[in-house]
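Student: What follows is a structure written as structure tokens; I'll ask about it next.
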Amino acid sequence: MGRITILFFILSLFAALSVTGQALGVISGSVLDQDQSPTEGAHVFLVQTSYGATSDLEGKFLLKNIPAGEYILAVSKIGFQEQQFVITVAADETTTLDISLTPATYHLDEIAVYGQKRETIHAIRLNAPLEQTPLSVNIVSQELLTQQQAISLEDALRNVSGLSKFGSYGISDNINIRGFDIGLAGGPENYRINGVMLRTPYSNYVEEVQVLKGPASILYGDVEPGGIINFVTKKPKGYDHASLELKVGEYGLFRPSIDVGGKLSDNLSYRLNTVYETSNSFRDEVYNEQFMVAPSLLWNIGSQTSLNVDALFMQNEATIDWGFPVGLSIERAQELDHSNFYGYPDGTSEGNNNMIMTTFVHRFSKGWQIRNVTSFSNQNRLLHDVYPIYDAATDSVAYSFGDYSEKSRTNTFSNFLDITGDVYTGSVRHRLLAGFDFSDISRPVVGNFVFPIPGMLSLDNPVWENTALSSAPILDDDVSPFTRRIGFNIQDLVSLFDDRLNLLIGGRFSQFTDGTRYSGDAEEPADYSETSESRFTPRVGLTFELIDKLTVYGSYAESFSSVTPQPGRGLLDPEPLLGDQIEFGIKQSLLNDRLGITLAYFDLNRKNVLQFDIINPNGSISDPNNFRANQSGEHSSQGVELDINGKLFDNWQFFGAFSYFQTEVIKEIIQNGDSEPIDFAGKELPNNPNTKLSLWTQYTFKEAIPGLSLGGGVFYQSDMFGDRMNTDENIIEAFTRFDLMLGYQYKYLKFQLNVQNLGNTETFQRSIFGSFVPQYPRRIVASIAFEL
């Protein structure tokens, strides 16, 4: 890796020498809309270079000190088609051109616009700037993902305030938003792809990650109250482009990828993303492998009508690693080698994810639009796992919880239809939404387990010797549990005084049904019945622009989440998980809307939280008959968040996120065998740092060494409790992590080097079973890309 650093230095020196004495020119002009009116905020840049600018209030732009030669000049702005032109820059001359933009014929989910002017259709399903949205919405852009060489969801969410992650390798990312977990059971309810309920691993098909914080039931039905994570997929650009990239790094990272696209005809364009990844880990025996193909096709049927078809085919396999044995304290874990692996070496999570999604958009006159998104996904998963347990009497590792293997198949069909448009009543503007959505998720699952597994392992030198493990189960598709959701929602964003005052009011009626489908040789039981629940959830919010670019906002929202009956665990007619939140704050735009700042206070609550009493404390966590369900849990979370994003200058980007909050268990009692009930009231929820800070900046040289980029970040996390009882011996200590980035682009070649966790800081995450998982030490990742 030292040689890679030297190579980058040599390339940078060569770049500096190559531009010395070069003849330079200027590019100037103006950007107009379809009515030939000046367009502010259009991004004008030279493809494959660091040169760029943004059009001003009069639509004018200026690019200075451009080396003489031939370039491709691109212009983009939200709501318009991106355009490209071949231009020639002559020495000591000014190249002038006027550019007329054409409205986009399909609805973009997001374009790389900075500050509070960014528009999103997922936060409130209305095309409104963030400054007029009375909610907290965080967007991790493709630009930031690329700068940090993010290859996992955890990498992306490191830049968002108020989020933390449960430790796990080989299992789905388990996230806390504002202190509350979302989707710990692996369900898709709080995950979206282009706004549709789907949960697939993060990979190169993702253009950006959006996080909508707080209750979102008005739009998405029964969801956990913490928030929603939405992946926006990469779409066709409408012009020819290609990128071939290779990432390599420590611990065996090898990750080639391809991103190509272009026009098949005047009305048809495509894009194809594919990636292969294999890597080991600093943890012994742990590895990961992934292969992904994601094609996208856009058909502009007419000037106002389009059809987008996205597909995803993914296979992955990863070692399941719960870190140190369950029950081992952090104090003891810190004395051991963090590379020690205590699981089953052949224990893996294998799966494939297949998805197809269609997005149909038709625009009517006067701003009205209909948008229909339909998707189907099929996910197959086979996992084989053991649960290492700390035996305090012998100071070694036991497997009394047993060995577990599971096979499942999840089929998800989703559809939502939105009609949006503007209506004026005098000087009052109404941005209206009426929507209908439907989803059906079926998940047959079967598991085998061996309990207990005899034998023990040494803590200091774990060598797996047990071979008597459970066999792979046979999945019976004739018995298929399902959850069906239907929802209707309506919203009105009422705007007065030239959009300075905005009132958001809306409501949603939702119905969900849990049941089981029987087919083939399976007979429906005589006493079979389905359970249904209906709810109405309101939302109200207000934004007011106090002075130019400074907006105050407030909102109130409710949520609910269905709880599946578990007759075998005594839960016959469960109550839904209920949530509510009050939030208010300010939103500020600075530096000609290049930089956006959001400061928010929230008070978030949930009740009817599902917990489990333990029948036999010495039994297996894999044995479903060892638990009885109860819904005694009631939790709260209050705090503040500060998010900053944008550009200080066209070539200097800055992103910041800060949060301070505290969770509290209002009430919750769990029975553990015949012992006294455990009362968690007054405790904090584990795995939630009270304070979190992330800062990232990147500077691209325009003149001294054109094409050279330098970046870096700091990520801080305060102490947090590692167990439900908030014991001192399991406090995960505060840590600070530093990252560095060096990049250089020369014509069609791009080099990048990232050093993650520069100070080699040691820390842990808590797994969902209470074990402690060591996190990555220092890691160097390098990439080379050829872009056309």
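Just so we're on the same page: first chain in the structure tokens is A, next is B, and so on; residues restart at 1 for each chain, and ligands are numbered from 1 in the order they show up.
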As a list in words, please: all residues of segment 664-718 of chain A that backbone DSSP puts in strand (DSSP E or B).
Tutor: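 Here is the list: Glu664, Val665, Ile666, Lys667, Ile669, Ile670, Asn672, Ile678, Asp679, Thr691, Lys692, Leu693, Ser694, Leu695, Trp696, Thr697, Gln698, Tyr699, Thr700, Leu708, Ser709, Leu710, Gly711, Gly712, Gly713, Val714, Phe715, Tyr716 and Gln717 of chain A.
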Student: Near segment 594-610 of chain A, within 7 Å and counting only C-alpha atoms, which residues show up once chain neighbours fewer than 4 positions away are dropped, as a PDB file with C-alpha atoms, in the first residue's frame?
Tutor:
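Just written: result.pdb:
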ATOM      1  CA  TYR A 114     -27.124  20.860  -2.897  1.00  0.00           C
ATOM      2  CA  GLY A 115     -28.559  22.623   0.128  1.00  0.00           C
ATOM      3  CA  GLN A 116     -32.258  22.942   0.919  1.00  0.00           C
ATOM      4  CA  GLU A 575     -51.857  -5.122  19.437  1.00  0.00           C
ATOM      5  CA  PRO A 576     -50.096  -3.090  16.713  1.00  0.00           C
ATOM      6  CA  LEU A 577     -46.891  -1.258  17.604  1.00  0.00           C
ATOM      7  CA  LEU A 578     -47.897   2.410  17.923  1.00  0.00           C
ATOM      8  CA  GLY A 579     -45.656   5.439  17.534  1.00  0.00           C
ATOM      9  CA  ASP A 580     -45.953   9.218  17.596  1.00  0.00           C
ATOM     10  CA  GLN A 581     -43.541  12.107  17.200  1.00  0.00           C
ATOM     11  CA  ILE A 582     -43.389  15.864  17.632  1.00  0.00           C
ATOM     12  CA  GLU A 583     -40.602  17.577  15.719  1.00  0.00           C
ATOM     13  CA  PHE A 584     -39.639  21.183  15.119  1.00  0.00           C
ATOM     14  CA  GLY A 585     -36.558  22.990  13.896  1.00  0.00           C
ATOM     15  CA  ILE A 586     -35.011  25.388  11.400  1.00  0.00           C
ATOM     16  CA  LYS A 587     -33.711  25.046   7.843  1.00  0.00           C
ATOM     17  CA  GLN A 588     -31.171  27.473   6.435  1.00  0.00           C
ATOM     18  CA  SER A 589     -29.754  27.937   2.938  1.00  0.00           C
ATOM     19  CA  LEU A 590     -26.410  29.694   2.558  1.00  0.00           C
ATOM     20  CA  ALA A 629     -44.350 -13.189  23.912  1.00  0.00           C
ATOM     21  CA  ASN A 630     -45.563 -10.086  25.713  1.00  0.00           C
ATOM     22  CA  GLN A 631     -46.161  -6.484  24.625  1.00  0.00           C
ATOM     23  CA  SER A 632     -45.279  -4.671  27.814  1.00  0.00           C
ATOM     24  CA  GLY A 633     -42.654  -2.429  26.207  1.00  0.00           C
ATOM     25  CA  GLU A 634     -43.052   1.354  26.033  1.00  0.00           C
ATOM     26  CA  HIS A 635     -40.067   3.495  25.002  1.00  0.00           C
ATOM     27  CA  SER A 636     -39.250   7.139  24.340  1.00  0.00           C
ATOM     28  CA  SER A 637     -36.458   9.084  22.651  1.00  0.00           C
ATOM     29  CA  GLN A 638     -35.765  12.825  22.694  1.00  0.00           C
ATOM     30  CA  GLY A 639     -32.916  14.746  21.151  1.00  0.00           C
ATOM     31  CA  VAL A 640     -31.513  17.246  18.686  1.00  0.00           C
ATOM     32  CA  GLU A 641     -29.898  16.775  15.279  1.00  0.00           C
ATOM     33  CA  LEU A 642     -27.825  19.057  13.080  1.00  0.00           C
ATOM     34  CA  ASP A 643     -27.171  18.233   9.426  1.00  0.00           C
ATOM     35  CA  ILE A 644     -25.065  20.270   6.973  1.00  0.00           C
ATOM     36  CA  ASN A 645     -24.526  19.475   3.334  1.00  0.00           C
ATOM     37  CA  GLY A 646     -23.372  21.232   0.203  1.00  0.00           C
ATOM     38  CA  LYS A 647     -20.517  23.186  -1.280  1.00  0.00           C
ATOM     39  CA  LEU A 648     -18.483  26.010   0.171  1.00  0.00           C
TER      40      LEU A 648
END
Student: Can you pull out every residue within 12 Å of Lys165 of chain A, counting only C-alpha atoms, but drop anything in the same chain fewer than 4 positions away, and send it as a PDB file with N, CA, C and O atoms, in the first residue's frame?
Tutor:
ATOM      1  N   LEU A 153     -24.070  -0.539   3.357  1.00  0.00           N
ATOM      2  CA  LEU A 153     -25.047   0.407   3.883  1.00  0.00           C
ATOM      3  C   LEU A 153     -24.491   1.115   5.111  1.00  0.00           C
ATOM      4  O   LEU A 153     -24.739   2.304   5.317  1.00  0.00           O
ATOM      5  N   GLU A 154     -23.737   0.406   5.913  1.00  0.00           N
ATOM      6  CA  GLU A 154     -23.132   1.032   7.089  1.00  0.00           C
ATOM      7  C   GLU A 154     -22.208   2.174   6.688  1.00  0.00           C
ATOM      8  O   GLU A 154     -22.188   3.226   7.329  1.00  0.00           O
ATOM      9  N   ASP A 155     -21.432   1.984   5.619  1.00  0.00           N
ATOM     10  CA  ASP A 155     -20.563   3.055   5.135  1.00  0.00           C
ATOM     11  C   ASP A 155     -21.377   4.292   4.777  1.00  0.00           C
ATOM     12  O   ASP A 155     -20.988   5.428   5.074  1.00  0.00           O
ATOM     13  N   ALA A 156     -22.516   4.085   4.110  1.00  0.00           N
ATOM     14  CA  ALA A 156     -23.341   5.214   3.681  1.00  0.00           C
ATOM     15  C   ALA A 156     -23.971   5.932   4.866  1.00  0.00           C
ATOM     16  O   ALA A 156     -23.972   7.168   4.943  1.00  0.00           O
ATOM     17  N   LEU A 157     -24.512   5.169   5.816  1.00  0.00           N
ATOM     18  CA  LEU A 157     -25.262   5.768   6.920  1.00  0.00           C
ATOM     19  C   LEU A 157     -24.365   6.397   7.973  1.00  0.00           C
ATOM     20  O   LEU A 157     -24.866   7.057   8.894  1.00  0.00           O
ATOM     21  N   ARG A 158     -23.075   6.210   7.852  1.00  0.00           N
ATOM     22  CA  ARG A 158     -22.148   6.873   8.770  1.00  0.00           C
ATOM     23  C   ARG A 158     -22.276   8.397   8.679  1.00  0.00           C
ATOM     24  O   ARG A 158     -21.899   9.123   9.589  1.00  0.00           O
ATOM     25  N   VAL A 160     -25.094  10.128   8.427  1.00  0.00           N
ATOM     26  CA  VAL A 160     -26.431  10.583   8.806  1.00  0.00           C
ATOM     27  C   VAL A 160     -26.527  10.679  10.320  1.00  0.00           C
ATOM     28  O   VAL A 160     -26.115   9.764  11.043  1.00  0.00           O
ATOM     29  N   TYR A 169     -22.165  -9.848  11.013  1.00  0.00           N
ATOM     30  CA  TYR A 169     -21.515 -10.138   9.739  1.00  0.00           C
ATOM     31  C   TYR A 169     -22.281 -11.283   9.082  1.00  0.00           C
ATOM     32  O   TYR A 169     -22.552 -12.303   9.698  1.00  0.00           O
ATOM     33  N   SER A 172     -28.421  -9.365   7.535  1.00  0.00           N
ATOM     34  CA  SER A 172     -28.865  -8.053   7.082  1.00  0.00           C
ATOM     35  C   SER A 172     -28.434  -6.960   8.055  1.00  0.00           C
ATOM     36  O   SER A 172     -28.355  -7.178   9.271  1.00  0.00           O
ATOM     37  N   ASP A 173     -28.159  -5.763   7.509  1.00  0.00           N
ATOM     38  CA  ASP A 173     -27.866  -4.615   8.357  1.00  0.00           C
ATOM     39  C   ASP A 173     -29.069  -4.324   9.254  1.00  0.00           C
ATOM     40  O   ASP A 173     -30.198  -4.217   8.781  1.00  0.00           O
ATOM     41  N   ASN A 174     -28.824  -4.201  10.543  1.00  0.00           N
ATOM     42  CA  ASN A 174     -29.877  -3.880  11.502  1.00  0.00           C
ATOM     43  C   ASN A 174     -29.601  -2.495  12.067  1.00  0.00           C
ATOM     44  O   ASN A 174     -28.587  -2.268  12.729  1.00  0.00           O
ATOM     45  N   ILE A 175     -30.516  -1.570  11.796  1.00  0.00           N
ATOM     46  CA  ILE A 175     -30.273  -0.150  12.021  1.00  0.00           C
ATOM     47  C   ILE A 175     -31.203   0.400  13.105  1.00  0.00           C
ATOM     48  O   ILE A 175     -32.376   0.015  13.190  1.00  0.00           O
ATOM     49  N   ASN A 176     -30.666   1.297  13.926  1.00  0.00           N
ATOM     50  CA  ASN A 176     -31.471   2.138  14.812  1.00  0.00           C
ATOM     51  C   ASN A 176     -31.577   3.522  14.204  1.00  0.00           C
ATOM     52  O   ASN A 176     -30.566   4.088  13.776  1.00  0.00           O
ATOM     53  N   ILE A 177     -32.780   4.080  14.164  1.00  0.00           N
ATOM     54  CA  ILE A 177     -32.985   5.464  13.767  1.00  0.00           C
ATOM     55  C   ILE A 177     -33.626   6.192  14.935  1.00  0.00           C
ATOM     56  O   ILE A 177     -34.671   5.786  15.427  1.00  0.00           O
ATOM     57  N   ARG A 178     -32.954   7.229  15.388  1.00  0.00           N
ATOM     58  CA  ARG A 178     -33.414   7.996  16.548  1.00  0.00           C
ATOM     59  C   ARG A 178     -33.673   7.093  17.750  1.00  0.00           C
ATOM     60  O   ARG A 178     -34.617   7.285  18.508  1.00  0.00           O
ATOM     61  N   GLY A 179     -32.826   6.080  17.895  1.00  0.00           N
ATOM     62  CA  GLY A 179     -32.870   5.220  19.069  1.00  0.00           C
ATOM     63  C   GLY A 179     -33.712   3.982  18.939  1.00  0.00           C
ATOM     64  O   GLY A 179     -33.595   3.068  19.763  1.00  0.00           O
ATOM     65  N   PHE A 180     -34.568   3.886  17.913  1.00  0.00           N
ATOM     66  CA  PHE A 180     -35.460   2.742  17.762  1.00  0.00           C
ATOM     67  C   PHE A 180     -35.014   1.872  16.592  1.00  0.00           C
ATOM     68  O   PHE A 180     -34.699   2.385  15.514  1.00  0.00           O
ATOM     69  N   ASP A 181     -35.042   0.567  16.814  1.00  0.00           N
ATOM     70  CA  ASP A 181     -34.643  -0.358  15.763  1.00  0.00           C
ATOM     71  C   ASP A 181     -35.696  -0.421  14.675  1.00  0.00           C
ATOM     72  O   ASP A 181     -36.886  -0.213  14.918  1.00  0.00           O
ATOM     73  N   ILE A 182     -35.251  -0.669  13.451  1.00  0.00           N
ATOM     74  CA  ILE A 182     -36.176  -0.871  12.330  1.00  0.00           C
ATOM     75  C   ILE A 182     -35.829  -2.200  11.667  1.00  0.00           C
ATOM     76  O   ILE A 182     -34.714  -2.441  11.233  1.00  0.00           O
ATOM     77  N   GLY A 183     -36.779  -3.102  11.622  1.00  0.00           N
ATOM     78  CA  GLY A 183     -36.601  -4.343  10.868  1.00  0.00           C
ATOM     79  C   GLY A 183     -35.585  -5.298  11.443  1.00  0.00           C
ATOM     80  O   GLY A 183     -34.852  -5.945  10.699  1.00  0.00           O
ATOM     81  N   LEU A 184     -35.527  -5.453  12.795  1.00  0.00           N
ATOM     82  CA  LEU A 184     -34.568  -6.381  13.379  1.00  0.00           C
ATOM     83  C   LEU A 184     -34.845  -7.821  12.956  1.00  0.00           C
ATOM     84  O   LEU A 184     -33.929  -8.634  12.860  1.00  0.00           O
ATOM     85  N   PRO A 686     -30.008  -0.187  24.526  1.00  0.00           N
ATOM     86  CA  PRO A 686     -28.600  -0.381  24.184  1.00  0.00           C
ATOM     87  C   PRO A 686     -28.308  -0.037  22.727  1.00  0.00           C
ATOM     88  O   PRO A 686     -29.210   0.108  21.900  1.00  0.00           O
ATOM     89  N   ASN A 687     -27.016   0.113  22.467  1.00  0.00           N
ATOM     90  CA  ASN A 687     -26.520   0.355  21.107  1.00  0.00           C
ATOM     91  C   ASN A 687     -26.915   1.721  20.567  1.00  0.00           C
ATOM     92  O   ASN A 687     -27.026   1.911  19.355  1.00  0.00           O
ATOM     93  N   ASN A 688     -27.103   2.689  21.447  1.00  0.00           N
ATOM     94  CA  ASN A 688     -27.467   4.047  21.051  1.00  0.00           C
ATOM     95  C   ASN A 688     -26.523   5.048  21.695  1.00  0.00           C
ATOM     96  O   ASN A 688     -26.691   5.393  22.871  1.00  0.00           O
ATOM     97  N   PRO A 689     -25.524   5.536  20.977  1.00  0.00           N
ATOM     98  CA  PRO A 689     -24.661   6.572  21.541  1.00  0.00           C
ATOM     99  C   PRO A 689     -25.444   7.862  21.714  1.00  0.00           C
ATOM    100  O   PRO A 689     -26.172   8.278  20.822  1.00  0.00           O
ATOM    101  N   GLN A 717     -18.187   8.964  18.184  1.00  0.00           N
ATOM    102  CA  GLN A 717     -19.339   8.346  18.824  1.00  0.00           C
ATOM    103  C   GLN A 717     -19.069   8.262  20.311  1.00  0.00           C
ATOM    104  O   GLN A 717     -18.002   7.811  20.743  1.00  0.00           O
ATOM    105  N   PHE A 764     -16.435  -1.657  19.302  1.00  0.00           N
ATOM    106  CA  PHE A 764     -17.353  -2.789  19.174  1.00  0.00           C
ATOM    107  C   PHE A 764     -18.733  -2.290  18.771  1.00  0.00           C
ATOM    108  O   PHE A 764     -19.079  -1.120  18.958  1.00  0.00           O
ATOM    109  N   GLN A 765     -19.534  -3.218  18.262  1.00  0.00           N
ATOM    110  CA  GLN A 765     -20.972  -3.039  18.139  1.00  0.00           C
ATOM    111  C   GLN A 765     -21.651  -4.187  18.863  1.00  0.00           C
ATOM    112  O   GLN A 765     -21.096  -5.294  18.949  1.00  0.00           O
ATOM    113  N   ARG A 766     -22.830  -3.913  19.367  1.00  0.00           N
ATOM    114  CA  ARG A 766     -23.608  -4.951  20.044  1.00  0.00           C
ATOM    115  C   ARG A 766     -24.500  -5.653  19.032  1.00  0.00           C
ATOM    116  O   ARG A 766     -25.189  -5.008  18.252  1.00  0.00           O
ATOM    117  N   SER A 767     -24.506  -6.992  19.061  1.00  0.00           N
ATOM    118  CA  SER A 767     -25.373  -7.739  18.153  1.00  0.00           C
ATOM    119  C   SER A 767     -26.779  -7.814  18.732  1.00  0.00           C
ATOM    120  O   SER A 767     -27.013  -7.482  19.903  1.00  0.00           O
ATOM    121  N   ILE A 768     -27.720  -8.272  17.931  1.00  0.00           N
ATOM    122  CA  ILE A 768     -29.104  -8.361  18.395  1.00  0.00           C
ATOM    123  C   ILE A 768     -29.260  -9.406  19.501  1.00  0.00           C
ATOM    124  O   ILE A 768     -30.249  -9.389  20.240  1.00  0.00           O
ATOM    125  N   VAL A 773     -19.329  -7.386  18.803  1.00  0.00           N
ATOM    126  CA  VAL A 773     -18.666  -7.657  17.531  1.00  0.00           C
ATOM    127  C   VAL A 773     -17.572  -6.604  17.309  1.00  0.00           C
ATOM    128  O   VAL A 773     -17.887  -5.412  17.200  1.00  0.00           O
ATOM    129  N   GLN A 775     -15.049  -4.147  15.457  1.00  0.00           N
ATOM    130  CA  GLN A 775     -15.182  -3.449  14.188  1.00  0.00           C
ATOM    131  C   GLN A 775     -13.828  -3.322  13.493  1.00  0.00           C
ATOM    132  O   GLN A 775     -12.778  -3.510  14.104  1.00  0.00           O
TER     133      GLN A 775
END
Student: Would you mind listing what lies within 7 Å of Ser257 of chain A as a PyMOL selection string, with only C-alpha atoms counted and same-chain residues fewer than 3 positions away left out?
Tutor: chain A and resi 244-246+274-276
Student: Would you put the residues from that selection into a file with C-alpha atoms, as a PDB file, in the first residue's frame?
Tutor:
ATOM      1  CA  LEU A 244     -14.983   0.402 -15.639  1.00  0.00           C
ATOM      2  CA  GLU A 245     -13.656   0.383 -12.091  1.00  0.00           C
ATOM      3  CA  LEU A 246     -11.518  -1.914  -9.962  1.00  0.00           C
ATOM      4  CA  THR A 274     -22.750  -4.961 -12.551  1.00  0.00           C
ATOM      5  CA  VAL A 275     -20.317  -5.755  -9.758  1.00  0.00           C
ATOM      6  CA  TYR A 276     -18.444  -8.734  -8.367  1.00  0.00           C
TER       7      TYR A 276
END
Student: With only C-alpha atoms as the atoms that count, which of A:Asn159, A:Thr49, A:Ser561, A:Gln149 lies nearest to Gln752 of chain A?
Tutor: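 Of the candidates, the smallest distance to Gln752 of chain A is held by A:Gln149.
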Student: Sorted by chain and rising residue number, list the residues of segment 207-315 of chain A at most 12 Å from segment 74-88 of chain A (counting only C-alpha atoms), each with its closest atom pair and distance in Å to one decimal, as CSV.
Tutor:
residue,atom,partner,partner_atom,distance
A:Pro236,CA,A:Glu82,CA,10.9
A:Lys237,CA,A:Glu82,CA,7.4
A:Gly238,CA,A:Glu82,CA,7.6
A:Tyr239,CA,A:Gln84,CA,8.0
A:Asp240,CA,A:Gln84,CA,10.0
A:His241,CA,A:Gln84,CA,11.2
A:Asn300,CA,A:Gln81,CA,11.9
A:Ser303,CA,A:Gln81,CA,11.9
Student: Generate a file of the selected residues that holds all heavy atoms, formatted as a CSV table (one decimal), in the first residue's frame.
Tutor:
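Output file again-v1.csv is given in full below:
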chain,number,residue,atom,x,y,z
A,236,PRO,N,-31.2,5.4,-16.5
A,236,PRO,CA,-30.6,5.8,-17.8
A,236,PRO,C,-30.4,7.3,-17.8
A,236,PRO,O,-31.2,8.0,-17.4
A,236,PRO,CB,-31.5,5.3,-18.8
A,236,PRO,CG,-32.3,4.1,-18.2
A,236,PRO,CD,-32.4,4.5,-16.8
A,237,LYS,N,-29.2,7.7,-18.3
A,237,LYS,CA,-28.9,9.1,-18.4
A,237,LYS,C,-29.3,9.8,-19.7
A,237,LYS,O,-29.4,11.0,-19.9
A,237,LYS,CB,-27.4,9.3,-18.2
A,237,LYS,CG,-26.9,8.9,-16.8
A,237,LYS,CD,-25.4,9.2,-16.7
A,237,LYS,CE,-24.9,8.9,-15.3
A,237,LYS,NZ,-23.5,9.2,-15.2
A,238,GLY,N,-29.6,8.9,-20.8
A,238,GLY,CA,-30.0,9.5,-22.1
A,238,GLY,C,-28.8,9.8,-23.0
A,238,GLY,O,-29.1,10.4,-24.1
A,239,TYR,N,-27.6,9.5,-22.6
A,239,TYR,CA,-26.5,9.7,-23.5
A,239,TYR,C,-25.4,8.6,-23.2
A,239,TYR,O,-25.5,7.9,-22.2
A,239,TYR,CB,-25.8,11.1,-23.3
A,239,TYR,CG,-25.3,11.3,-21.9
A,239,TYR,CD1,-24.1,10.9,-21.4
A,239,TYR,CD2,-26.1,12.0,-20.9
A,239,TYR,CE1,-23.6,11.2,-20.2
A,239,TYR,CE2,-25.7,12.2,-19.7
A,239,TYR,CZ,-24.4,11.8,-19.3
A,239,TYR,OH,-24.0,12.0,-18.0
A,240,ASP,N,-24.5,8.4,-24.2
A,240,ASP,CA,-23.5,7.3,-24.0
A,240,ASP,C,-22.5,7.6,-22.9
A,240,ASP,O,-22.0,8.7,-22.8
A,240,ASP,CB,-22.8,7.1,-25.4
A,240,ASP,CG,-23.7,6.6,-26.5
A,240,ASP,OD1,-24.7,6.0,-26.1
A,240,ASP,OD2,-23.4,6.9,-27.7
A,241,HIS,N,-22.3,6.6,-22.1
A,241,HIS,CA,-21.3,6.7,-21.1
A,241,HIS,C,-20.9,5.3,-20.6
A,241,HIS,O,-21.6,4.3,-20.9
A,241,HIS,CB,-21.9,7.5,-19.8
A,241,HIS,CG,-23.0,6.7,-19.1
A,241,HIS,ND1,-22.8,5.9,-18.1
A,241,HIS,CD2,-24.3,6.7,-19.4
A,241,HIS,CE1,-23.9,5.4,-17.7
A,241,HIS,NE2,-24.9,5.9,-18.5
A,300,ASN,N,-39.3,6.6,-23.5
A,300,ASN,CA,-40.1,7.9,-23.5
A,300,ASN,C,-41.1,7.7,-24.6
A,300,ASN,O,-40.9,7.9,-25.8
A,300,ASN,CB,-39.1,9.1,-23.9
A,300,ASN,CG,-38.2,9.4,-22.8
A,300,ASN,OD1,-38.6,9.4,-21.6
A,300,ASN,ND2,-37.0,9.7,-23.1
A,303,SER,N,-44.0,12.9,-25.3
A,303,SER,CA,-43.4,14.0,-24.7
A,303,SER,C,-43.8,14.1,-23.2
A,303,SER,O,-43.1,14.8,-22.4
A,303,SER,CB,-43.7,15.3,-25.4
A,303,SER,OG,-45.2,15.5,-25.4
Student: Could you name the residues that touch Asp259 of chain A at 6 Å or less, counting only C-alpha atoms, but leaving out those on the same chain fewer than 5 positions away, as a PyMOL selection string?
Tutor: chain A and resi 242-243+272-273
Student: Using N, CA and C atoms, can you write the selected residues to a file as an mmCIF file, in the first residue's frame?
Tutor:
data_model
loop_
_atom_site.group_PDB
_atom_site.id
_atom_site.type_symbol
_atom_site.label_atom_id
_atom_site.label_comp_id
_atom_site.auth_asym_id
_atom_site.auth_seq_id
_atom_site.Cartn_x
_atom_site.Cartn_y
_atom_site.Cartn_z
ATOM 1 N N ALA A 242 -19.691 5.233 -20.068
ATOM 2 C CA ALA A 242 -19.175 3.950 -19.613
ATOM 3 C C ALA A 242 -18.155 4.183 -18.516
ATOM 4 N N SER A 243 -18.164 3.323 -17.522
ATOM 5 C CA SER A 243 -17.194 3.380 -16.434
ATOM 6 C C SER A 243 -16.816 1.956 -16.054
ATOM 7 N N LEU A 272 -26.716 -0.186 -17.474
ATOM 8 C CA LEU A 272 -26.400 -1.504 -16.903
ATOM 9 C C LEU A 272 -25.299 -1.346 -15.876
ATOM 10 N N ASN A 273 -25.584 -1.808 -14.670
ATOM 11 C CA ASN A 273 -24.584 -1.835 -13.609
ATOM 12 C C ASN A 273 -24.345 -3.275 -13.180
#
Student: For Arg517 of chain A, find every residue with an atom within 12 Å (counting only C-alpha atoms), except residues of its own chain fewer than 2 positions away, and show them as a ChimeraX atom specification.
Tutor: /A:440-444,476-484,514-515,519-525,528-530
